[in-house]
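The file target.txt contains compact mmCIF, C-alpha atoms:
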```txt
# COMPACT_ATOMS: atom_id res chain seq x y z
CA MET A 1 83.34 98.40 106.67
CA ALA A 2 85.92 101.16 106.85
CA THR A 3 87.73 102.09 103.68
CA VAL A 4 90.65 103.28 105.81
CA GLU A 5 91.24 103.10 109.55
CA LEU A 6 93.88 105.22 111.28
CA ARG A 7 95.08 104.77 114.84
CA PHE A 8 97.48 107.30 116.27
CA SER A 9 98.90 108.15 119.65
CA ALA A 10 97.19 111.09 121.34
CA GLN A 11 99.77 113.65 120.25
CA PRO A 12 98.74 116.95 118.62
CA GLU A 13 101.33 116.56 115.85
CA HIS A 14 99.44 113.54 114.45
CA VAL A 15 96.24 115.53 113.84
CA ARG A 16 97.65 117.07 110.65
CA THR A 17 98.35 113.62 109.21
CA ALA A 18 94.77 112.53 109.96
CA ARG A 19 93.45 115.66 108.20
CA LEU A 20 95.55 115.01 105.10
CA VAL A 21 94.57 111.34 104.88
CA ALA A 22 90.88 112.16 105.40
CA ALA A 23 90.92 114.74 102.60
CA ALA A 24 92.70 112.37 100.22
CA VAL A 25 90.29 109.49 100.90
CA ALA A 26 87.27 111.84 100.69
CA ARG A 27 88.45 113.09 97.30
CA ARG A 28 88.91 109.53 96.03
CA ALA A 29 85.47 108.56 97.41
CA GLY A 30 83.78 111.29 95.35
CA VAL A 31 83.20 114.10 97.83
CA ASP A 32 82.84 117.42 96.00
CA GLU A 33 86.08 119.46 95.82
CA ALA A 34 84.27 122.48 97.30
CA VAL A 35 83.59 120.50 100.50
CA LEU A 36 87.11 119.15 101.07
CA ASP A 37 88.16 122.14 103.19
CA GLU A 38 85.20 121.46 105.48
CA VAL A 39 86.26 117.82 105.71
CA ARG A 40 89.82 118.83 106.66
CA LEU A 41 88.67 121.34 109.28
CA ALA A 42 86.05 119.04 110.81
CA VAL A 43 88.47 116.12 111.05
CA GLY A 44 91.08 118.42 112.56
CA GLU A 45 88.63 119.63 115.21
CA ALA A 46 87.37 116.12 116.02
CA CYS A 47 90.89 114.69 116.25
CA SER A 48 92.16 117.62 118.34
CA ARG A 49 89.21 117.12 120.68
CA ALA A 50 89.93 113.39 121.00
CA VAL A 51 93.63 114.06 121.62
CA GLY A 52 92.74 116.63 124.28
CA LEU A 53 90.34 114.23 126.00
CA HIS A 54 92.91 111.43 126.03
CA ARG A 55 95.64 113.68 127.39
CA SER A 56 93.46 115.30 130.06
CA HIS A 57 92.25 111.89 131.29
CA GLY A 58 95.68 110.23 131.16
CA ILE A 59 94.64 107.67 128.54
CA THR A 60 97.48 106.17 126.51
CA ALA A 61 95.29 104.26 124.02
CA PRO A 62 95.35 105.56 120.45
CA VAL A 63 92.74 107.81 118.87
CA THR A 64 90.85 106.01 116.08
CA VAL A 65 89.73 107.56 112.78
CA ARG A 66 87.56 105.46 110.46
CA LEU A 67 86.98 106.72 106.91
CA ILE A 68 83.94 104.97 105.45
CA GLU A 69 82.82 105.06 101.84
CA GLU A 70 79.12 104.26 101.57
CA GLU A 71 76.91 104.17 98.49
CA LYS A 72 75.79 107.81 98.58
CA THR A 73 77.83 109.26 101.44
CA PHE A 74 81.33 109.46 102.81
CA ALA A 75 81.54 109.20 106.59
CA ILE A 76 84.28 109.78 109.12
CA GLU A 77 84.19 108.49 112.68
CA VAL A 78 86.67 109.85 115.21
CA GLY A 79 86.75 107.76 118.36
CA ASP A 80 88.25 108.28 121.78
CA GLU A 81 88.44 105.93 124.74
CA VAL A 82 87.35 108.37 127.45
CA PRO A 83 84.38 106.85 129.31
CA GLY A 84 81.33 109.07 129.23
CA PRO A 85 78.17 109.28 131.26
CA GLY A 86 75.14 107.30 130.20
CA ALA A 87 75.03 103.60 129.54
CA ASP A 88 72.93 104.00 126.38
CA GLY A 89 75.84 105.64 124.57
CA SER A 90 74.00 108.78 123.61
CA VAL A 91 74.73 112.31 124.69
CA PRO A 92 72.35 114.69 122.91
CA GLY A 93 74.01 117.87 121.75
CA GLY A 94 77.46 117.07 123.01
CA ALA A 95 79.61 115.40 125.59
CA SER A 96 80.22 118.03 128.21
CA GLY A 97 81.38 116.69 131.53
CA ARG A 98 82.78 113.45 130.06
CA GLY A 99 83.93 111.06 132.71
CA GLY A 100 80.98 111.58 135.01
CA THR A 101 82.80 113.33 137.86
CA SER A 102 83.69 116.97 138.21
CA SER A 103 85.87 118.70 140.73
CA GLY A 104 84.76 122.01 139.32
CA GLY A 105 88.33 123.26 139.16
CA PRO A 106 89.40 125.96 136.69
CA ASP A 107 91.38 123.54 134.49
CA GLU A 108 88.40 121.20 134.16
CA ALA A 109 86.01 124.07 133.42
CA GLU A 110 88.40 125.31 130.74
CA ALA A 111 88.62 121.80 129.22
CA ASP A 112 84.81 121.56 129.15
CA GLU A 113 84.60 124.94 127.39
CA GLU A 114 87.15 123.81 124.79
CA ASP A 115 85.22 120.56 124.32
CA GLU A 116 81.96 122.43 123.76
CA MET A 117 83.66 124.92 121.42
CA GLY A 118 85.12 122.07 119.34
CA LEU A 119 81.69 120.45 119.04
CA ALA A 120 80.15 123.79 118.03
CA VAL A 121 82.77 124.26 115.31
CA ILE A 122 82.18 120.74 113.99
CA SER A 123 78.40 121.28 113.98
CA GLY A 124 78.92 124.48 112.01
CA LEU A 125 81.05 122.72 109.41
CA VAL A 126 79.10 119.48 108.98
CA ASP A 127 75.37 119.19 108.32
CA ASP A 128 75.21 115.52 109.32
CA VAL A 129 77.02 115.01 112.62
CA GLU A 130 76.31 112.63 115.50
CA VAL A 131 78.06 112.55 118.89
CA ARG A 132 77.88 109.38 120.99
CA SER A 133 79.45 108.67 124.34
CA GLY A 134 79.36 105.56 126.47
CA ALA A 135 81.33 103.43 128.88
CA ASP A 136 83.83 102.43 126.17
CA GLY A 137 84.46 105.98 124.93
CA GLY A 138 83.00 108.43 122.49
CA VAL A 139 82.58 108.76 118.74
CA ILE A 140 81.93 111.73 116.52
CA ARG A 141 80.41 110.58 113.21
CA MET A 142 80.34 113.08 110.37
CA SER A 143 79.12 112.44 106.83
CA TRP A 144 79.01 114.24 103.51
CA PRO A 145 77.18 113.41 100.29
CA LYS A 146 79.18 112.00 97.43
CA THR A 147 79.07 113.69 94.05
CA PRO A 148 77.25 111.51 91.55
CA VAL A 149 79.52 110.29 88.78
CA ALA A 150 78.35 111.44 85.36
CA VAL A 151 78.15 108.60 82.85
CA LEU A 152 79.20 109.66 79.39
CA PRO A 153 77.35 108.15 76.42
```
Output the structure of this file as structure tokens.
Amino acid sequence: MATVELRFSAQPEHVRTARLVAAAVARRAGVDEAVLDEVRLAVGEACSRAVGLHRSHGITAPVTVRLIEEEKTFAIEVGDEVPGPGADGSVPGGASGRGGTSSGGPDEAEADEEDEMGLAVISGLVDDVEVRSGADGGVIRMSWPKTPVAVLP
């Protein structure tokens, strides 16, 4: 179950809010202070990517961010509603060509390059990242270990 769930309209100005909330919840969940910048940057990239996908595909549904506190990890799932190829919901290594059709135009090629660049940045920031895409949209799941709480005698 999500500790916090955010839903925001696909507007770039809302990405900053998602980053701030993610960092605050990660801190409270016990993620190491040294990792919080990575959390902020990764959430910013994932949310910017989702916003870009929604806008380029004309989708008015909100972007969803789920912040999940688990026993030993803190996870963040950023979801979009852009249908992807593949009915099994899995796109190994990324989600290039989302939507299944390509006109091959320069704007679409540029969007695919930005999409791939965003995924590369996220993969560089987060050790545990999973990208899924299916008929109902895509999800980027990122997780970080929580710092064990020291028990004083």
What does the distance from atom CA of A:Val139 to atom CA of A:Ala18 come to in Å, to one decimal?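 Spanning atom CA of A:Val139 to atom CA of A:Ala18 is a straight-line distance of 15.5 Å.
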Counting all atoms listed in the file, find the residues whose atoms lie at most 9 Å from (88.7, 115.0, 120.3) (file coordinates) and write them out as a ChimeraX atom specification. /A:44-54,63,78-80,115,118-119,138-140
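Of the residues listed (A:Arg28, A:Arg16, A:Arg132, A:His57), A:Arg132 shows the shortest atom-to-atom separation from A:Glu77; distances use all atoms listed in the file.
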Kindly indicate which residue among A:Glu81, A:Glu69, A:Thr147, A:Ala75 lies nearest to A:Asp128, using only C-alpha atoms for the distances.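 When distances to A:Asp128 are compared using only C-alpha atoms, the smallest one comes from A:Ala75.
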Best match for closeness to A:Arg141 among A:Arg55, A:Arg27, A:Arg40, A:Arg66, counting all atoms listed in the file: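 When distances to A:Arg141 are compared using all atoms listed in the file, the smallest one comes from A:Arg66.
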Name all residues at most 8 Å from A:Arg7 (count all atoms listed in the file; drop same-chain ones fewer than 5 positions away) and give them as a PyMOL selection string. chain A and resi 62-65
Contacts of A:Pro83 at 6 Å (only C-alpha atoms; same-chain gap of 3+ positions) as a list in words: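 Near neighbours after the sequence-gap exclusion: Gly99, Gly134, Ala135, Asp136 and Gly137 of chain A.
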Between atom CA of A:Glu114 and atom CA of A:Val43, what is the spacing in Å?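 So the two atoms, atom CA of A:Val43 and atom CA of A:Glu114, lie 15.8 Å apart.
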For the atom pair atom CA of A:Leu6 and atom CA of A:Glu113, what is the interatomic distance in Å to one decimal place?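 Interatomic distance here is 27.1 Å.
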Restricting the calculation to all atoms listed in the file: of A:Ile59, A:Met117, A:Val131, A:Val126, which residue gets closest to A:Ala10?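 Looking only at the distances to A:Ala10, the closest residue turns out to be A:Ile59.
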Residue with smallest distance to A:Pro145 - pool A:Ala120, A:Leu36, A:Val31, A:Val15, counting all atoms listed in the file: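 Checking each candidate against A:Pro145, we get A:Val31 as the closest.
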Measuring between all atoms listed in the file, which one of A:Val121, A:Val4, A:Ala42, A:Val82 shows the shortest distance to A:Val21?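 Checking each of A:Val121, A:Val4, A:Ala42, A:Val82 against A:Val21, counting all atoms listed in the file, the winner is A:Val4.
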